[in-house]
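Reviewing the structure listed below.
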Amino acid sequence: MKASQIFIVNIVAGWCLLASVNYGSAQTKQRDSQPGEQINVTADKLSISESGTQIEATGKVEIERQGTTLKADEVRVNRTTQDIEAKGNISLDDPEWKVKSAESIQLNLQKETGEIQDADLFIEQGHISISGRRFQKLGGQTYHIDDSFFTTCLCESGPAPWKFSAEQTDLTAGGLGIIKNGYFYILDVPVFYLPYAFFPLKTERQSGFLFPTFGHSTEEGFRFQQPFFWAISKSTDTTLAFDFQSLARIGFLNEFRTLFDRDSDFQLQTGYFNESLRQREQGDIVNRTIADPDIPVDRWGLMGTHRYDFAGNWLTYSDIAAYRDDLYTRELIERHDLTGAQVADIRRSRFASSKFGVFRSWGDSHFQGEWNFYQDFIQPDAMTLHRTPQVSYWGRKGFEEFPLELRWRAGGVNYIRREGGDGMRLDLRPEFLIPFRTSSYWFGSFSMAPRQTFYHLFETVRSSDRNLSRELLEIRGNLGTSLSRIFAWNRLGIGRVKHVIEPELNYLFVPSITQSSIPIMDGIDRVNRRNVLTFGMTNRFSGKSLHPLADPLADQDVEPLNIGTSSDVRELGSLRLALTYDIDRERKGGDTLSDLDMNLTLTPTSYLSFGFDGGLDPGKWDVTQARASVGISDPRPIMRRSLDPDFNRPNSLNFGYHYLTRGVNGFLADNANIDCIANPLDPGCPSVVNKTTVGNLVLGGLYHITGNLLMNLNSTYDSRENRFLNVRAAVKILSTCECWTLTLGMHRDINPDKTSFNFNFSLLGLGTQRSSLN
């Protein structure tokens, strides 16, 4: 009903074009008082009174102004009283709204009042149809509608699947809408009576209940969630939800959001669940090798983020994630209001991370201070290191008169944990870099970086000395060039292809030093001797269109949804190869070559893409790790705009394969808490190290079976264990009148081991629509 208010405001503005009609005759053009605005008036007869105050047009009257066209049998205008009256076969066409039919219209532009009789209105945005016996605009921004109907259904024939009706409707802009004697209809059958109801008409967000969600799970039983949206202020709101799972738990969820300014915001999601309805929580635990596999009765989760810009370019930020137990993210993260990709990332993570920090930049120099806390889901939290805090200052400075660049990075950190080595560390690393260019083709640089690292240990490792230091020197050099050539192609809509080759050679030397008394807290604490050469080769391909971009649908009235903008030149692909040669191993007769790193990206067309990222052992010619993907999307334009975003997406199919050879520590993928030093005969300890650690096949796709039915599928298959790790499948139905959707979904997981069925029903046009396929 809020849409009717918007429409009447628009129609009053639209009829203002009549007030500026001047003298003329039939089939003439008249000009509005505003410069540059033209009014076209067409009628069988156009007459003006002797005083010039009365204008009357009769017989197929058509008035057009700035894309808005009024048609009627009769139109009368009184310039003195500012009264406008139109009768007979009235219609009004505007790019954003329409009067499909009306018996009569009376307006007074001076008082800003008016009345429309027996009208059928349509608003393009939201597909909103409103009909009523009488529409009245009273004084100010107040409206009244008698015997009205409202729906978003676009039915060519037959009754609308759903609609609202009201005997009387009163609307106040910026205030409330009041319904008296209203009904909710399904196929012209009243199913719900509203004797009296009110709803907000403010343009700001408004508090109220949102659509509930329903589902069923083999382990959790019937699932129901009812959210409530609370608009606290113009910049602050929260969503509260009651969550019920008949065989598992009762819970409450909350998402709080506030916006301080354009660049500063705060969000916090919390959840609490009581597991008293659960009967076999210990039997539901799939992986008992984790350090803490227990499920408590009371469970909670906390996730949040904030960014705040202070004056002087100081930025404060935080990202929070904390959970009562280590299985919360496995079992309950999907109940939070997150996207499918966010849920998948959190469920795959082996730890939760929380950080609080401040950042400041001065041109080429930067400062950052940060506190980091971690919650390990696999190993004991007592051994988890936390940074409290970590302070870094880094930057660079060039010299105009001398080809020298000074770079620096200084970092201090305080590591703490309950068990194991920890302490404070200060790492100082200045670097002196000399760039050079030997000709128009060859360029490179040479650098030296002395490095000093100081430690004060709270718990020592292999030494009683708590104060330690380490001195290193890093020497680097690189040499490269860039060559290109353009070839005629004349295929796939591409006239020419540019090929760029960028070979490079890098050298790194780091002397050896004893570091066994220093605890390993992160990668800085172990810098091994390096004396290596790295050869790299990058190939880049770009293409120029054969013809300038032309719209093949320019003559059609329907706007396609998935024709993206493109330029004459686009990237077609790239291939990078890199191989490292160890000089020291050559002297000792060892394996001198590293894995050959390969990175391939191909996008020969806008609807087809390939990707490969992997490593190849040049000795055995075995693939040690790989990640491959193929993506296909339907290039045909989508000619129909739907209120549901999923029906505006093209057909697509994606394949992926992830492969990783089991290395020396690969057995830890099965049990990260196994101790093979203390128990070397444990069955989980490695006996064969050439087994695959990861071998997953990933499949995803969306397919429009018909214009009103689509299917979505995402799955991961473990070729190592010959089983599906997860399956996500959904079928979505759009009504023929495009005003409701029904989504039936199925989720199958192995950790936790459960199958869930979800049901989602939505009336389109009521509120913001989002994808229900995640």
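So you can find residues: chains in the structure tokens are A, B, ... in the order shown, residues in each start at 1, and ligands are numbered from 1 in order.
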Sel. of alpha helix (DSSP H) residues, stretch 444-643 of chain A, as a JSON list (two decimals) with N, CA and C atoms, in the first residue's frame:
[["chain", "number", "residue", "atom", "x", "y", "z"],
["A", 583, "ILE", "N", 71.94, -23.84, -5.46],
["A", 583, "ILE", "CA", 73.37, -23.96, -5.73],
["A", 583, "ILE", "C", 74.05, -24.82, -4.69],
["A", 584, "ASP", "N", 73.64, -24.69, -3.42],
["A", 584, "ASP", "CA", 74.26, -25.48, -2.36],
["A", 584, "ASP", "C", 73.99, -26.97, -2.52],
["A", 585, "ARG", "N", 72.79, -27.33, -2.92],
["A", 585, "ARG", "CA", 72.48, -28.75, -3.10],
["A", 585, "ARG", "C", 73.26, -29.35, -4.27],
["A", 586, "GLU", "N", 73.55, -28.53, -5.27],
["A", 586, "GLU", "CA", 74.35, -29.01, -6.39],
["A", 586, "GLU", "C", 75.75, -29.41, -5.91],
["A", 587, "ARG", "N", 76.31, -28.65, -5.02],
["A", 587, "ARG", "CA", 77.64, -28.94, -4.48],
["A", 587, "ARG", "C", 77.62, -30.21, -3.65],
["A", 588, "LYS", "N", 76.46, -30.47, -2.97],
["A", 588, "LYS", "CA", 76.38, -31.64, -2.09],
["A", 588, "LYS", "C", 75.79, -32.86, -2.80]]
Legend entry - DSSP strand (DSSP E) selection over stretch 401-461 of chain A, as a PyMOL selection string: chain A and resi 405-416+422-437+443-459
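Contact shell of stretch 607-609 of chain A at 10 Å (only C-alpha atoms; same-chain neighbours under 4 positions omitted): Leu572, Gly573, Thr601, Leu602, Thr603, Ser629, Val630, Gly631, Ile632, Ser633, Asp634, Pro635, Arg636, Ser652, Leu653 and Asn654 of chain A.
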Inset, instruction - Find the residues around stretch 511-514 of chain A up to 9 Å (only C-alpha atoms counted), leave out those fewer than 4 positions away in its own chain, and share them as a PyMOL selection string. - result: chain A and resi 470-474+527-531
Restricting it to N, CA, C and O atoms, dump the selection as a JSON list (two decimals), in the first residue's frame.
[["chain", "number", "residue", "atom", "x", "y", "z"],
["A", 470, "ARG", "N", 69.75, -12.52, 16.95],
["A", 470, "ARG", "CA", 70.12, -13.19, 15.71],
["A", 470, "ARG", "C", 70.46, -12.14, 14.67],
["A", 470, "ARG", "O", 69.73, -11.16, 14.51],
["A", 471, "GLU", "N", 71.58, -12.35, 13.96],
["A", 471, "GLU", "CA", 72.01, -11.40, 12.94],
["A", 471, "GLU", "C", 72.04, -12.12, 11.59],
["A", 471, "GLU", "O", 72.60, -13.21, 11.47],
["A", 472, "LEU", "N", 71.47, -11.50, 10.59],
["A", 472, "LEU", "CA", 71.41, -12.08, 9.26],
["A", 472, "LEU", "C", 71.74, -11.02, 8.22],
["A", 472, "LEU", "O", 71.69, -9.82, 8.50],
["A", 473, "LEU", "N", 72.04, -11.49, 7.01],
["A", 473, "LEU", "CA", 72.23, -10.61, 5.87],
["A", 473, "LEU", "C", 71.53, -11.25, 4.67],
["A", 473, "LEU", "O", 71.80, -12.41, 4.34],
["A", 474, "GLU", "N", 70.66, -10.50, 4.03],
["A", 474, "GLU", "CA", 69.96, -10.99, 2.85],
["A", 474, "GLU", "C", 70.47, -10.20, 1.63],
["A", 474, "GLU", "O", 70.45, -8.97, 1.64],
["A", 527, "VAL", "N", 64.85, -18.59, 9.53],
["A", 527, "VAL", "CA", 65.30, -18.14, 8.21],
["A", 527, "VAL", "C", 66.49, -19.02, 7.85],
["A", 527, "VAL", "O", 67.60, -18.82, 8.36],
["A", 528, "ASN", "N", 66.25, -20.03, 7.04],
["A", 528, "ASN", "CA", 67.29, -20.99, 6.70],
["A", 528, "ASN", "C", 68.24, -20.43, 5.65],
["A", 528, "ASN", "O", 67.94, -19.47, 4.96],
["A", 529, "ARG", "N", 69.38, -21.07, 5.55],
["A", 529, "ARG", "CA", 70.37, -20.68, 4.54],
["A", 529, "ARG", "C", 69.77, -20.86, 3.16],
["A", 529, "ARG", "O", 69.14, -21.86, 2.84],
["A", 530, "ARG", "N", 69.97, -19.86, 2.32],
["A", 530, "ARG", "CA", 69.49, -19.92, 0.94],
["A", 530, "ARG", "C", 70.60, -19.43, 0.02],
["A", 530, "ARG", "O", 71.24, -18.41, 0.28],
["A", 531, "ASN", "N", 70.79, -20.15, -1.04],
["A", 531, "ASN", "CA", 71.72, -19.76, -2.10],
["A", 531, "ASN", "C", 71.11, -20.26, -3.40],
["A", 531, "ASN", "O", 71.50, -21.31, -3.93]]
Could you list, as a short mmCIF file (atom, residue, chain, number, x, y, z; two decimals) with N, CA, C and O atoms, in the first residue's frame, every residue within 10 Å of A:Pro503, counting only C-alpha atoms and ignoring same-chain residues fewer than 6 positions away?
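After the write, around.cif holds the following:
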data_model
loop_
_atom_site.label_atom_id
_atom_site.label_comp_id
_atom_site.auth_asym_id
_atom_site.auth_seq_id
_atom_site.Cartn_x
_atom_site.Cartn_y
_atom_site.Cartn_z
N LEU A 479 66.94 -9.62 -12.58
CA LEU A 479 67.16 -9.10 -13.92
C LEU A 479 66.00 -9.58 -14.79
O LEU A 479 65.63 -10.76 -14.73
N GLY A 480 65.41 -8.68 -15.56
CA GLY A 480 64.28 -9.05 -16.38
C GLY A 480 64.15 -8.18 -17.60
O GLY A 480 64.87 -7.18 -17.78
N THR A 481 63.22 -8.57 -18.48
CA THR A 481 62.93 -7.80 -19.67
C THR A 481 61.49 -8.03 -20.07
O THR A 481 60.82 -8.89 -19.49
N SER A 482 61.04 -7.30 -21.05
CA SER A 482 59.67 -7.44 -21.53
C SER A 482 59.67 -7.26 -23.05
O SER A 482 60.15 -6.25 -23.57
N LEU A 483 59.14 -8.29 -23.75
CA LEU A 483 59.08 -8.27 -25.20
C LEU A 483 57.63 -8.51 -25.62
O LEU A 483 56.90 -9.26 -24.98
N PHE A 535 64.24 -18.95 -11.86
CA PHE A 535 63.95 -18.58 -13.25
C PHE A 535 62.44 -18.46 -13.40
O PHE A 535 61.70 -19.37 -13.01
N GLY A 536 61.99 -17.37 -13.96
CA GLY A 536 60.56 -17.16 -14.17
C GLY A 536 60.26 -16.70 -15.58
O GLY A 536 61.08 -16.02 -16.22
N MET A 537 59.10 -17.10 -16.08
CA MET A 537 58.68 -16.70 -17.42
C MET A 537 57.18 -16.43 -17.37
O MET A 537 56.39 -17.31 -17.02
N THR A 538 56.78 -15.21 -17.71
CA THR A 538 55.37 -14.83 -17.73
C THR A 538 54.96 -14.50 -19.16
O THR A 538 55.65 -13.73 -19.85
N ASN A 539 53.86 -15.10 -19.59
CA ASN A 539 53.27 -14.82 -20.91
C ASN A 539 51.89 -14.22 -20.70
O ASN A 539 51.08 -14.78 -19.96
N ARG A 576 52.33 -18.34 -16.29
CA ARG A 576 53.57 -18.05 -15.57
C ARG A 576 54.20 -19.36 -15.12
O ARG A 576 53.53 -20.22 -14.54
N LEU A 577 55.50 -19.49 -15.39
CA LEU A 577 56.29 -20.65 -14.98
C LEU A 577 57.45 -20.16 -14.12
O LEU A 577 58.07 -19.13 -14.45
N ALA A 578 57.76 -20.88 -13.04
CA ALA A 578 58.87 -20.50 -12.18
C ALA A 578 59.54 -21.76 -11.63
O ALA A 578 58.85 -22.71 -11.23
#
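Excluding A:Asp93 itself and same-chain residues fewer than 5 positions from it, the residues having an atom within 6 Å of it are Thr68, Thr69 and Lys98 of chain A, counting only C-alpha atoms.
Closest approach to A:Phe122 among A:Phe541, A:Phe192, A:Tyr659, A:Phe149 is made by A:Phe149 (distances from only C-alpha atoms).
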Legend entry - Within 9 Å of A:Leu492 using only C-alpha atoms, minus same-chain residues under 5 positions, as a list in words: Ser545, Leu546, Pro604 and Thr605 of chain A
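Among the candidate residues A:Thr289, A:Thr239, A:Gln375, A:Ser439, the one lying nearest to A:Tyr323 is A:Gln375, with distances computed using only C-alpha atoms.
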Legend entry - Atom pair atom CA of A:Trp740 / atom CA of A:Leu764: separation (Å): 5.1 Å
Legend entry - Closest of A:Asn696, A:Gln141, A:Asn89, A:Gln368 to A:Gln117 - atom-to-atom distances counting only C-alpha atoms: A:Asn89
Legend entry - Using only C-alpha atoms: which of A:Ile295, A:Tyr317, A:Leu332, A:Pro380 has the shortest distance to A:Arg360: A:Tyr317
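Straight-line separation from atom CA of A:Arg526 to atom CA of A:Ile434: 27.1 Å.
Interatomic distance, atom CA of A:Met383 to atom CA of A:Ile416: 9.4 Å.
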